[in-house]
Structure formats: structure tokens, C-alpha cells
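Undergrad: mmCIF, C-alpha atoms and all ligand atoms, file entry_26.cif:
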```cif
data_query
loop_
_atom_site.label_atom_id
_atom_site.label_comp_id
_atom_site.auth_asym_id
_atom_site.auth_seq_id
_atom_site.Cartn_x
_atom_site.Cartn_y
_atom_site.Cartn_z
CA MET R 1 -13.34 -7.49 17.29
CA LYS R 2 -10.39 -6.09 15.32
CA ASN R 3 -10.96 -3.85 12.29
CA ALA R 4 -8.56 -3.09 9.44
CA ILE R 5 -8.88 -0.71 6.51
CA ILE R 6 -6.84 -1.37 3.38
CA THR R 7 -6.38 0.77 0.26
CA GLY R 8 -5.40 -0.92 -2.99
CA ALA R 9 -7.30 -3.97 -1.75
CA THR R 10 -7.91 -5.25 -5.28
CA GLY R 11 -4.20 -5.14 -6.11
CA GLY R 12 -1.86 -8.11 -6.09
CA ILE R 13 -0.36 -7.07 -2.75
CA GLY R 14 -3.55 -5.62 -1.24
CA MET R 15 -5.53 -8.80 -1.91
CA GLU R 16 -2.95 -10.97 -0.14
CA ILE R 17 -2.80 -8.60 2.83
CA SER R 18 -6.61 -8.72 2.97
CA ARG R 19 -6.57 -12.53 2.90
CA LYS R 20 -3.91 -12.68 5.60
CA LEU R 21 -5.69 -10.22 7.89
CA SER R 22 -9.02 -11.99 7.47
CA SER R 23 -7.33 -15.24 8.51
CA MET R 24 -6.07 -13.39 11.61
CA GLY R 25 -9.61 -12.42 12.59
CA TYR R 26 -9.79 -8.86 11.30
CA ASN R 27 -12.99 -7.33 9.93
CA LEU R 28 -12.07 -5.59 6.72
CA ALA R 29 -12.98 -2.34 4.99
CA LEU R 30 -11.54 -2.79 1.52
CA ILE R 31 -10.88 0.34 -0.53
CA TYR R 32 -10.22 -0.04 -4.21
CA GLY R 33 -10.24 2.02 -7.40
CA ASN R 34 -12.21 0.76 -10.38
CA ASN R 35 -11.86 -3.01 -10.45
CA HIS R 36 -15.39 -3.73 -9.23
CA GLN R 37 -15.29 -7.35 -10.42
CA GLN R 38 -12.19 -8.13 -8.37
CA ALA R 39 -13.62 -6.33 -5.35
CA ASP R 40 -16.87 -8.32 -5.54
CA ALA R 41 -14.96 -11.60 -5.88
CA LEU R 42 -12.74 -10.76 -2.89
CA VAL R 43 -15.72 -9.81 -0.73
CA GLU R 44 -17.43 -13.06 -1.64
CA GLU R 45 -14.28 -15.07 -0.88
CA LEU R 46 -13.57 -13.41 2.47
CA SER R 47 -17.15 -13.13 3.75
CA ALA R 48 -16.95 -16.78 4.73
CA LEU R 49 -14.17 -15.85 7.19
CA THR R 50 -14.98 -12.38 8.43
CA ARG R 51 -17.09 -9.24 8.12
CA VAL R 52 -15.94 -7.52 4.95
CA LYS R 53 -17.18 -4.63 2.84
CA ALA R 54 -15.65 -3.00 -0.24
CA TYR R 55 -15.75 0.69 -1.15
CA SER R 56 -14.79 2.15 -4.52
CA MET R 57 -12.79 5.36 -4.21
CA ASP R 58 -11.01 6.71 -7.25
CA PHE R 59 -8.05 8.58 -5.78
CA SER R 60 -7.23 10.15 -9.16
CA GLY R 61 -10.45 12.13 -8.96
CA GLY R 62 -9.40 14.73 -6.38
CA ASN R 63 -10.27 14.80 -2.71
CA GLY R 64 -13.96 13.96 -2.84
CA TYR R 65 -13.50 10.68 -1.00
CA THR R 66 -13.60 12.14 2.50
CA SER R 67 -17.37 11.61 2.74
CA THR R 68 -16.93 7.91 1.82
CA LEU R 69 -14.34 7.58 4.60
CA LYS R 70 -16.79 9.08 7.07
CA SER R 71 -19.44 6.52 6.09
CA ILE R 72 -16.86 3.70 6.35
CA LEU R 73 -16.14 4.86 9.90
CA LYS R 74 -19.87 4.82 10.57
CA ASP R 75 -20.05 1.22 9.27
CA PHE R 76 -17.08 -0.07 11.26
CA GLY R 77 -16.83 2.29 14.24
CA ALA R 78 -13.05 2.33 14.51
CA PHE R 79 -9.89 0.82 13.05
CA GLU R 80 -6.72 -0.47 14.68
CA VAL R 81 -4.98 -1.18 11.40
CA LEU R 82 -4.57 0.95 8.27
CA VAL R 83 -2.71 -0.35 5.23
CA HIS R 84 -1.82 1.99 2.37
CA GLY R 85 -1.52 -0.37 -0.60
CA ALA R 86 -2.87 1.69 -3.51
CA GLY R 87 -0.34 2.72 -6.06
CA VAL R 88 0.48 3.13 -9.73
CA SER R 89 3.79 3.26 -11.53
CA TYR R 90 4.70 4.83 -14.87
CA ARG R 91 8.02 4.36 -16.63
CA ASP R 92 9.25 7.16 -18.83
CA LEU R 93 11.94 9.77 -19.10
CA PHE R 94 11.08 12.42 -16.52
CA HIS R 95 10.84 15.23 -19.06
CA GLU R 96 8.64 13.13 -21.36
CA MET R 97 6.13 12.02 -18.74
CA THR R 98 2.68 13.51 -19.31
CA GLU R 99 1.16 15.94 -16.83
CA LEU R 100 -1.73 13.51 -16.39
CA GLN R 101 0.63 10.69 -15.36
CA PHE R 102 2.52 12.99 -13.00
CA GLU R 103 -0.70 14.20 -11.39
CA GLU R 104 -1.97 10.61 -11.07
CA LEU R 105 1.21 9.54 -9.31
CA LEU R 106 0.73 12.31 -6.77
CA SER R 107 -3.01 11.72 -6.42
CA ILE R 108 -2.88 7.93 -6.07
CA ASN R 109 0.49 7.24 -4.43
CA LEU R 110 0.84 10.26 -2.22
CA LYS R 111 -2.28 12.24 -1.37
CA PRO R 112 -4.21 9.34 0.26
CA LEU R 113 -1.43 9.18 2.84
CA TYR R 114 -2.86 12.46 4.08
CA TYR R 115 -6.55 12.23 3.21
CA VAL R 116 -7.11 8.68 4.44
CA THR R 117 -4.74 8.68 7.42
CA ARG R 118 -6.13 11.89 8.90
CA GLU R 119 -9.61 10.31 9.11
CA ILE R 120 -8.34 7.16 10.81
CA ILE R 121 -5.86 8.55 13.37
CA PRO R 122 -8.51 9.98 15.74
CA CYS R 123 -10.15 6.57 16.32
CA MET R 124 -6.71 4.99 16.87
CA ILE R 125 -5.90 7.65 19.46
CA GLU R 126 -9.24 7.06 21.13
CA GLY R 127 -8.72 3.29 21.10
CA GLY R 128 -5.21 3.67 22.53
CA LYS R 129 -3.47 1.69 19.80
CA GLY R 130 -2.88 1.42 16.09
CA SER R 131 -0.65 0.15 13.34
CA ILE R 132 -0.22 1.95 10.03
CA ILE R 133 1.64 0.19 7.22
CA SER R 134 2.43 1.74 3.85
CA ILE R 135 3.87 0.03 0.82
CA SER R 136 6.94 1.86 -0.43
CA SER R 137 9.46 0.45 -2.91
CA ILE R 138 13.20 0.05 -3.17
CA TRP R 139 12.92 3.18 -5.32
CA GLY R 140 11.84 5.15 -2.25
CA SER R 141 15.45 5.51 -1.17
CA ARG R 142 17.54 4.77 -4.27
CA PRO R 143 18.00 6.46 -7.64
CA ALA R 144 15.35 5.26 -10.10
CA SER R 145 16.15 6.18 -13.67
CA MET R 146 12.94 6.07 -15.78
CA GLU R 147 10.79 6.15 -12.63
CA VAL R 148 11.78 9.51 -11.20
CA ALA R 149 8.26 10.68 -10.32
CA TYR R 150 7.33 7.26 -8.85
CA ALA R 151 10.50 7.40 -6.74
CA MET R 152 9.54 10.92 -5.59
CA THR R 153 6.23 9.62 -4.24
CA LYS R 154 7.86 6.67 -2.47
CA GLY R 155 10.59 8.88 -0.97
CA ALA R 156 7.85 11.11 0.42
CA LEU R 157 6.01 8.04 1.73
CA GLU R 158 9.12 7.00 3.65
CA GLN R 159 9.47 10.44 5.28
CA PHE R 160 5.73 10.34 6.05
CA THR R 161 6.39 7.00 7.79
CA ARG R 162 9.28 8.18 9.94
CA SER R 163 7.77 11.56 10.79
CA LEU R 164 4.28 10.30 11.62
CA ALA R 165 5.81 7.51 13.68
CA SER R 166 7.62 10.13 15.71
CA GLU R 167 4.47 12.22 16.11
CA LEU R 168 2.34 9.27 17.27
CA SER R 169 4.89 7.19 19.17
CA HIS R 170 3.70 8.30 22.62
CA MET R 171 0.15 7.23 21.71
CA ASN R 172 0.93 3.58 21.06
CA ILE R 173 0.37 4.00 17.32
CA ARG R 174 3.11 2.45 15.22
CA VAL R 175 3.85 3.60 11.69
CA ASN R 176 6.00 1.47 9.39
CA ALA R 177 6.55 0.80 5.71
CA ILE R 178 7.56 -2.13 3.54
CA ALA R 179 9.88 -1.47 0.59
CA PRO R 180 9.66 -4.38 -1.83
CA GLY R 181 11.80 -4.92 -4.89
CA GLY R 182 9.93 -6.66 -7.69
CA VAL R 183 6.67 -8.33 -6.69
CA ASP R 184 4.75 -10.55 -9.06
CA THR R 185 1.66 -8.41 -9.65
CA LYS R 186 0.08 -6.52 -12.52
CA LEU R 187 2.00 -3.40 -11.52
CA LEU R 188 4.98 -4.87 -13.38
CA ALA R 189 2.99 -4.87 -16.61
CA ASN R 190 4.84 -1.67 -17.42
CA LEU R 191 7.92 -3.83 -18.12
CA ASN R 192 8.02 -5.79 -21.37
CA ASP R 193 9.01 -9.47 -21.24
CA GLN R 194 12.68 -8.81 -21.94
CA GLU R 195 12.86 -6.02 -19.32
CA LYS R 196 11.21 -8.35 -16.80
CA ARG R 197 13.69 -11.14 -17.55
CA ASP R 198 16.63 -8.70 -17.19
CA PHE R 199 15.23 -7.42 -13.90
CA ILE R 200 14.84 -10.94 -12.50
CA ASP R 201 18.34 -11.80 -13.68
CA ASP R 202 19.70 -8.93 -11.56
CA ILE R 203 17.97 -10.26 -8.42
CA PRO R 204 20.29 -12.59 -6.45
CA PHE R 205 17.29 -14.80 -5.55
CA LYS R 206 16.46 -15.03 -9.32
CA ARG R 207 12.76 -14.51 -8.78
CA LEU R 208 10.20 -11.86 -7.95
CA ALA R 209 8.64 -11.75 -4.48
CA LYS R 210 5.25 -13.34 -4.13
CA PRO R 211 2.55 -10.95 -2.89
CA GLU R 212 1.96 -13.47 -0.07
CA GLU R 213 5.49 -12.74 1.18
CA VAL R 214 4.68 -9.04 1.44
CA ALA R 215 1.48 -9.94 3.32
CA GLU R 216 3.48 -12.07 5.78
CA LEU R 217 5.74 -9.11 6.57
CA ALA R 218 2.74 -6.79 6.95
CA ALA R 219 1.13 -9.29 9.35
CA PHE R 220 4.38 -9.51 11.32
CA LEU R 221 4.59 -5.72 11.64
CA ILE R 222 0.96 -5.52 12.73
CA GLU R 223 0.83 -8.33 15.28
CA LYS R 224 4.36 -9.26 16.29
CA GLY R 225 6.50 -6.20 15.69
CA THR R 226 5.14 -4.44 18.74
CA TYR R 227 8.40 -2.60 19.46
CA ILE R 228 8.99 -1.48 15.88
CA THR R 229 8.00 1.96 14.63
CA GLY R 230 9.22 4.47 12.06
CA GLN R 231 10.97 1.77 10.02
CA VAL R 232 11.05 0.99 6.33
CA LEU R 233 11.73 -2.71 5.86
CA THR R 234 13.28 -3.66 2.54
CA MET R 235 12.41 -7.04 1.04
CA ASP R 236 14.04 -7.47 -2.34
CA GLY R 237 15.72 -10.88 -2.64
CA GLY R 238 19.11 -9.18 -2.26
CA PHE R 239 18.63 -6.81 -5.22
CA THR R 240 19.99 -3.73 -3.43
CA LEU R 241 22.88 -5.43 -1.62
N1 LIG S 301 4.50 -5.02 -7.72
C1 LIG S 301 5.68 -4.55 -7.45
O1 LIG S 301 6.70 -4.98 -8.03
C2 LIG S 301 5.86 -3.48 -6.39
C3 LIG S 301 7.15 -3.20 -5.96
C4 LIG S 301 7.35 -2.22 -5.01
C5 LIG S 301 6.28 -1.54 -4.50
N2 LIG S 301 5.03 -1.80 -4.93
C6 LIG S 301 3.93 -1.00 -4.38
O2 LIG S 301 2.97 -1.85 -3.82
C7 LIG S 301 1.68 -1.22 -3.86
C8 LIG S 301 0.68 -2.22 -4.43
O3 LIG S 301 1.10 -2.56 -5.75
P1 LIG S 301 0.63 -3.90 -6.49
O4 LIG S 301 1.85 -4.54 -6.99
O5 LIG S 301 -0.31 -4.66 -5.63
O6 LIG S 301 -0.11 -3.23 -7.73
P2 LIG S 301 -1.48 -3.62 -8.45
O7 LIG S 301 -1.70 -5.08 -8.45
O8 LIG S 301 -1.40 -2.89 -9.75
O9 LIG S 301 -2.59 -2.93 -7.52
C9 LIG S 301 -2.72 -1.54 -7.44
C10 LIG S 301 -3.86 -1.20 -6.49
O10 LIG S 301 -3.97 0.25 -6.45
C11 LIG S 301 -5.32 0.59 -6.74
N3 LIG S 301 -5.43 1.82 -7.51
C12 LIG S 301 -4.88 2.08 -8.73
N4 LIG S 301 -5.35 3.26 -9.19
C13 LIG S 301 -6.23 3.72 -8.25
C14 LIG S 301 -7.05 4.86 -8.17
N5 LIG S 301 -7.11 5.78 -9.16
N6 LIG S 301 -7.83 5.02 -7.08
C15 LIG S 301 -7.81 4.12 -6.07
N7 LIG S 301 -7.05 3.00 -6.10
C16 LIG S 301 -6.28 2.80 -7.18
C17 LIG S 301 -5.85 -0.54 -7.61
O11 LIG S 301 -7.27 -0.55 -7.57
P3 LIG S 301 -8.19 -0.94 -8.86
O12 LIG S 301 -7.44 -2.01 -9.59
O13 LIG S 301 -9.46 -1.38 -8.23
O14 LIG S 301 -8.36 0.29 -9.66
C18 LIG S 301 -5.22 -1.75 -6.94
O15 LIG S 301 -5.98 -2.10 -5.83
C19 LIG S 301 1.86 0.04 -4.69
O16 LIG S 301 1.97 1.15 -3.84
C20 LIG S 301 3.17 -0.19 -5.41
O17 LIG S 301 3.84 1.01 -5.69
C21 LIG S 301 4.79 -2.78 -5.86
#
```
Here is the file; what I need is its structure written in the form of C-alpha cells.
Ligand SMILES: NC(=O)c1ccc[n+]([C@@H]2O[C@H](COP(=O)([O-])OP(=O)(O)OC[C@H]3O[C@@H](n4cnc5c(N)ncnc54)[C@H](OP(=O)(O)O)[C@@H]3O)[C@@H](O)[C@H]2O)c1
TA:
Amino acid sequence: MKNAIITGATGGIGMEISRKLSSMGYNLALIYGNNHQQADALVEELSALTRVKAYSMDFSGGNGYTSTLKSILKDFGAFEVLVHGAGVSYRDLFHEMTELQFEELLSINLKPLYYVTREIIPCMIEGGKGSIISISSIWGSRPASMEVAYAMTKGALEQFTRSLASELSHMNIRVNAIAPGGVDTKLLANLNDQEKRDFIDDIPFKRLAKPEEVAELAAFLIEKGTYITGQVLTMDGGFTL
């Protein structure tokens, strides 16, 4: 039986990746922050298809989640797939951003790449295979006025992806990232209606991505992209062309 562990599982993108992986026969350990209602609903929905359990882990609260990860590993044994989908975004001038927001960006977007991944790699090495997918953003490699700190975290995520891929490539563990443009989830609530319309107007496809489209790419990287590692795949409806 195949096992996957997903952070940000209650998010717009994380939920669709969870749905997709459950339809592909994966057992799921779903990690989320504070949206217990959404987590319960997702577990109920997916239990009909697969073995699924949700775990609340507030990444903004420091590093105390290592013990939860150990008990998840006890519950599931091992994982072949790890998806880093948790993330927050704040829009502000860099020098006006609060310390709390800056620290949250580091704690939620960046630190789990270390704290979660380091617990999962050993069982992938032991099992002789693995696929790690992280959700970056087009702002991981391009200048992002008003989202400087967010872009910092995504730039680091992309170097994490390439460097870890290199470190693990001889162990049959692939490490890749997806860099979406705008995706229709609650993360974009930090744009007002006019800003959202302007953003969509600048996208050649004239629409946001659906979270299902991100999930399709994640599923491709996990199951079909068996010769792909260390890559960041942009999907943005032509926005950055
Ligand atoms: N939507 C976009 O346009 C877009 C574009 C490019 C990249 N991305 C990236 O895609 C990823 C998923 O975003 P999304 O659009 O699905 O956003 P979303 O719908 O807002 O979901 C965010 C997820 O992160 C989790 N999270 C937030 N704070 C947390 C905390 N303190 N501790 C643990 N988990 C926490 C949330 O859990 P709870 O709700 O349970 O707290 C939720 O599962 C993010 O990394 C984001 O940067 C999104």
C-alpha cells in the first residue's frame, strides 16, 4: 500500500492534491493548521476511498511538532510521497511588514521544509524510493514587489528543491517543485476585488488556475515523471512569458 503525507491539506491546493492521491490509491496523513472543520470534512469525504487521518500542527508555534511527526510515522510506518503545501502570503511594503508576519512567513513557508522533510527522508531511503513535491510560486524566481518576504521563502524553497534533489538523486528519491501563478484559493484573499481583476487581466489565459490543475501536475510528477528531479515547473497561464 502506498502512503503519502501532505502539509497544508486543508488548503485549496492541498485538498485537491489529497483528493487526487486518494483516487490513485494512496493512504493519506493530512497535516493542517487550525481549520479543524475542513480537516474533519476532508477525512470524512476521503475515508470512503482510502485510509486517511488528519493531524493538526501549527507551524507558526515553533518546532514542537517533531513529536507529532514521530507518532504519524508510527501510525503509517513509512511514506513514499511528501507534499509541502502549507503556506501563507502577506502583501505589504517590505519595511512596513510586521515582525510577526515576517516570522510567520519563515515559520510556515520555510521551516517545515527542514523539520518535516528530515523526519520523512529516512523511511524513503529505507524503502528505496520517494517523491517530494513542494509548492513554490512564480515569485520564487522573479521580483515580487509588495511580497518581498514571501518571495524570499519561495526562492529558498526552490534552492531546497534543487539541492536536496542532488543530495538524494542516487537513492531514487526525486525532489521537485511546482511554481503556480494565481490559483483560485483563499490565499488570494489578500487581493481586493479590483487587484484580483487586474491580476487576471494580465494573465494571457484570462483566468486563475484551478487547484485541480495543480493537483494533476503533482500527480504527474509523483507517478509519471520518473526521470524528473530537481525541477521547478511553472504553471501560470502564460503570465511570466
Ligand atoms: N493560491 C495561489 O494563488 C498560490 C499561488 C502560488 C503558490 N501558492 C502556494 O501554494 C501553497 C498552498 O496555497 P493555497 O492556495 O492552497 O492556500 P490556502 O488555501 O490558503 O491554504 C493554506 C494551507 O496552509 C495551511 N497553513 C496556514 N497556516 C498554517 C500554520 N500556521 N500551520 C500549519 N499550516 C498552516 C492551512 O491550514 P489551516 O487552514 O488548517 O490553518 C492550509 O492548509 C502555498 O505554499 C502557497 O504559497 C498559492
Undergrad: List as JSON lines every residue of region 61-146 of chain R that is in contact with region 195-217 of chain R, defined as an atom at most 12 Å from one of its atoms (using all atoms listed in the file), together with the nearest atom pair and the distance in Å rounded to one decimal, sorted by chain and then rising number.
TA:
```
{"residue": "R:Val83", "atom": "CA", "partner": "R:Ala215", "partner_atom": "CA", "distance": 10.6}
{"residue": "R:Gly85", "atom": "CA", "partner": "R:Ala215", "partner_atom": "CA", "distance": 10.8}
{"residue": "R:Arg91", "atom": "CA", "partner": "R:Glu195", "partner_atom": "CA", "distance": 11.8}
{"residue": "R:Ile133", "atom": "CA", "partner": "R:Leu217", "partner_atom": "CA", "distance": 10.2}
{"residue": "R:Ser134", "atom": "CA", "partner": "R:Val214", "partner_atom": "CA", "distance": 11.3}
{"residue": "R:Ile135", "atom": "CA", "partner": "R:Val214", "partner_atom": "CA", "distance": 9.1}
{"residue": "R:Ser136", "atom": "CA", "partner": "R:Val214", "partner_atom": "CA", "distance": 11.3}
{"residue": "R:Ser137", "atom": "CA", "partner": "R:Val214", "partner_atom": "CA", "distance": 11.5}
```
Undergrad: Using Å and a single decimal, report how far CA of Thr98 (chain R) sits from CA of Ala149 (chain R).
TA: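 Value for the CA of Ala149 (chain R)-CA of Thr98 (chain R) distance: 11.0 Å.
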Undergrad: From the options R:Ala165, R:Leu241, R:Ile120, R:Ile6, which residue's atoms come nearest to ligand LIG 301 (chain S), counting only C-alpha atoms and all ligand atoms?
TA: R:Ile6
Undergrad: Could you check how far CA of Phe79 (chain R) sits from atom O15 of ligand LIG 301 (chain S), in Å to one decimal?
TA: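 Straight-line distance from CA of Phe79 (chain R) to atom O15 of ligand LIG 301 (chain S) works out to 19.5 Å.
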Undergrad: Distance table requested - chain R against ligand LIG 301 (chain S), cut-off 6 Å, all atoms listed in the file: one row per qualifying residue with the closest atom pair and its distance in Å to one decimal, ordered by chain and rising residue number, as JSON lines.
TA:
```
{"residue": "R:Gly8", "atom": "CA", "partner": "S:LIG301", "partner_atom": "O15", "distance": 3.1}
{"residue": "R:Ala9", "atom": "CA", "partner": "S:LIG301", "partner_atom": "O15", "distance": 4.7}
{"residue": "R:Thr10", "atom": "CA", "partner": "S:LIG301", "partner_atom": "O15", "distance": 3.7}
{"residue": "R:Gly11", "atom": "CA", "partner": "S:LIG301", "partner_atom": "O9", "distance": 3.1}
{"residue": "R:Gly12", "atom": "CA", "partner": "S:LIG301", "partner_atom": "O5", "distance": 3.8}
{"residue": "R:Ile13", "atom": "CA", "partner": "S:LIG301", "partner_atom": "O5", "distance": 3.8}
{"residue": "R:Gly14", "atom": "CA", "partner": "S:LIG301", "partner_atom": "O5", "distance": 5.5}
{"residue": "R:Tyr32", "atom": "CA", "partner": "S:LIG301", "partner_atom": "O13", "distance": 4.3}
{"residue": "R:Gly33", "atom": "CA", "partner": "S:LIG301", "partner_atom": "O14", "distance": 3.4}
{"residue": "R:Asn34", "atom": "CA", "partner": "S:LIG301", "partner_atom": "O14", "distance": 3.9}
{"residue": "R:Asn35", "atom": "CA", "partner": "S:LIG301", "partner_atom": "O13", "distance": 3.7}
{"residue": "R:Met57", "atom": "CA", "partner": "S:LIG301", "partner_atom": "C15", "distance": 5.5}
{"residue": "R:Asp58", "atom": "CA", "partner": "S:LIG301", "partner_atom": "N6", "distance": 3.6}
{"residue": "R:Phe59", "atom": "CA", "partner": "S:LIG301", "partner_atom": "N6", "distance": 3.8}
{"residue": "R:Ser60", "atom": "CA", "partner": "S:LIG301", "partner_atom": "N5", "distance": 4.4}
{"residue": "R:Gly85", "atom": "CA", "partner": "S:LIG301", "partner_atom": "C7", "distance": 4.6}
{"residue": "R:Ala86", "atom": "CA", "partner": "S:LIG301", "partner_atom": "O10", "distance": 3.5}
{"residue": "R:Gly87", "atom": "CA", "partner": "S:LIG301", "partner_atom": "O16", "distance": 3.6}
{"residue": "R:Val88", "atom": "CA", "partner": "S:LIG301", "partner_atom": "C12", "distance": 5.6}
{"residue": "R:Ile108", "atom": "CA", "partner": "S:LIG301", "partner_atom": "C14", "distance": 5.6}
{"residue": "R:Ile135", "atom": "CA", "partner": "S:LIG301", "partner_atom": "O2", "distance": 5.1}
{"residue": "R:Ser136", "atom": "CA", "partner": "S:LIG301", "partner_atom": "C5", "distance": 5.3}
{"residue": "R:Ser137", "atom": "CA", "partner": "S:LIG301", "partner_atom": "C4", "distance": 4.0}
{"residue": "R:Pro180", "atom": "CA", "partner": "S:LIG301", "partner_atom": "C4", "distance": 4.5}
{"residue": "R:Gly181", "atom": "CA", "partner": "S:LIG301", "partner_atom": "C3", "distance": 5.1}
{"residue": "R:Gly182", "atom": "CA", "partner": "S:LIG301", "partner_atom": "O1", "distance": 3.7}
{"residue": "R:Val183", "atom": "CA", "partner": "S:LIG301", "partner_atom": "O1", "distance": 3.6}
{"residue": "R:Asp184", "atom": "CA", "partner": "S:LIG301", "partner_atom": "N1", "distance": 5.7}
{"residue": "R:Thr185", "atom": "CA", "partner": "S:LIG301", "partner_atom": "O4", "distance": 4.7}
{"residue": "R:Lys186", "atom": "CA", "partner": "S:LIG301", "partner_atom": "O7", "distance": 4.7}
{"residue": "R:Leu187", "atom": "CA", "partner": "S:LIG301", "partner_atom": "O8", "distance": 3.9}
{"residue": "R:Leu188", "atom": "CA", "partner": "S:LIG301", "partner_atom": "O1", "distance": 5.6}
```
Undergrad: Work out how far apart CA of Ala151 (chain R) and CA of Phe94 (chain R) are and give it in Å to one decimal.
TA: 11.0 Å
Undergrad: With all atoms listed in the file as the basis for distance, which of R:Lys224, R:His95, R:Arg142, R:His84 is at the shortest distance from Thr117 (chain R)?
TA: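 Using all atoms listed in the file, the shortest distance to Thr117 (chain R) belongs to R:His84.
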Undergrad: When you look at region 39-49 of chain R with a cut-off of 9 Å (counting all atoms listed in the file), what residues show up, excluding the ones that are within fewer than 2 positions of it in the same chain? I need them as a PyMOL selection string.
TA: chain R and resi 9-10+15+18-19+22-23+25+30-32+34-37+51-56
Undergrad: Nearest residue to Asp92 (chain R) out of R:Glu119, R:Gly127, R:Asn3, R:Asn190, using all atoms listed in the file?
TA: R:Asn190
Undergrad: Need the shell around Glu80 (chain R): protein/DNA/RNA residues with any atom at most 7 Å away, counting only C-alpha atoms. Skip same-chain ones fewer than 2 positions apart. Format as a list in words?
TA: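 Contacts, in chain order: Lys2, Asn3, Ala4, Ala78, Leu82, Met124, Lys129, Gly130 and Ser131 of chain R.
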Undergrad: Which residue is closest to Ile132 (chain R)? Choose from R:Asn192, R:Thr7, R:Ser89, R:Gln38 and count only C-alpha atoms.
TA: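 Looking only at the distances to Ile132 (chain R), the closest residue turns out to be R:Thr7.
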Undergrad: May I have the protein, DNA and RNA residues with any atom at most 9 Å from the point (6.6, 9.5, -4.7), counting all atoms listed in the file, written as a count of residues only?
TA: 17
Undergrad: Quick one: of R:Val116, R:Ile121, R:Ile17, R:Leu168, who's nearest to Ala219 (chain R), counting all atoms listed in the file?
TA: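 So, comparing all the options, the nearest one is R:Ile17.
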Undergrad: Between R:Ala189, R:Met171, R:Met24, R:Leu100, which has the minimum distance to Cys123 (chain R) (counting only C-alpha atoms)?
TA: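 Selected residue with least distance to Cys123 (chain R): R:Met171.
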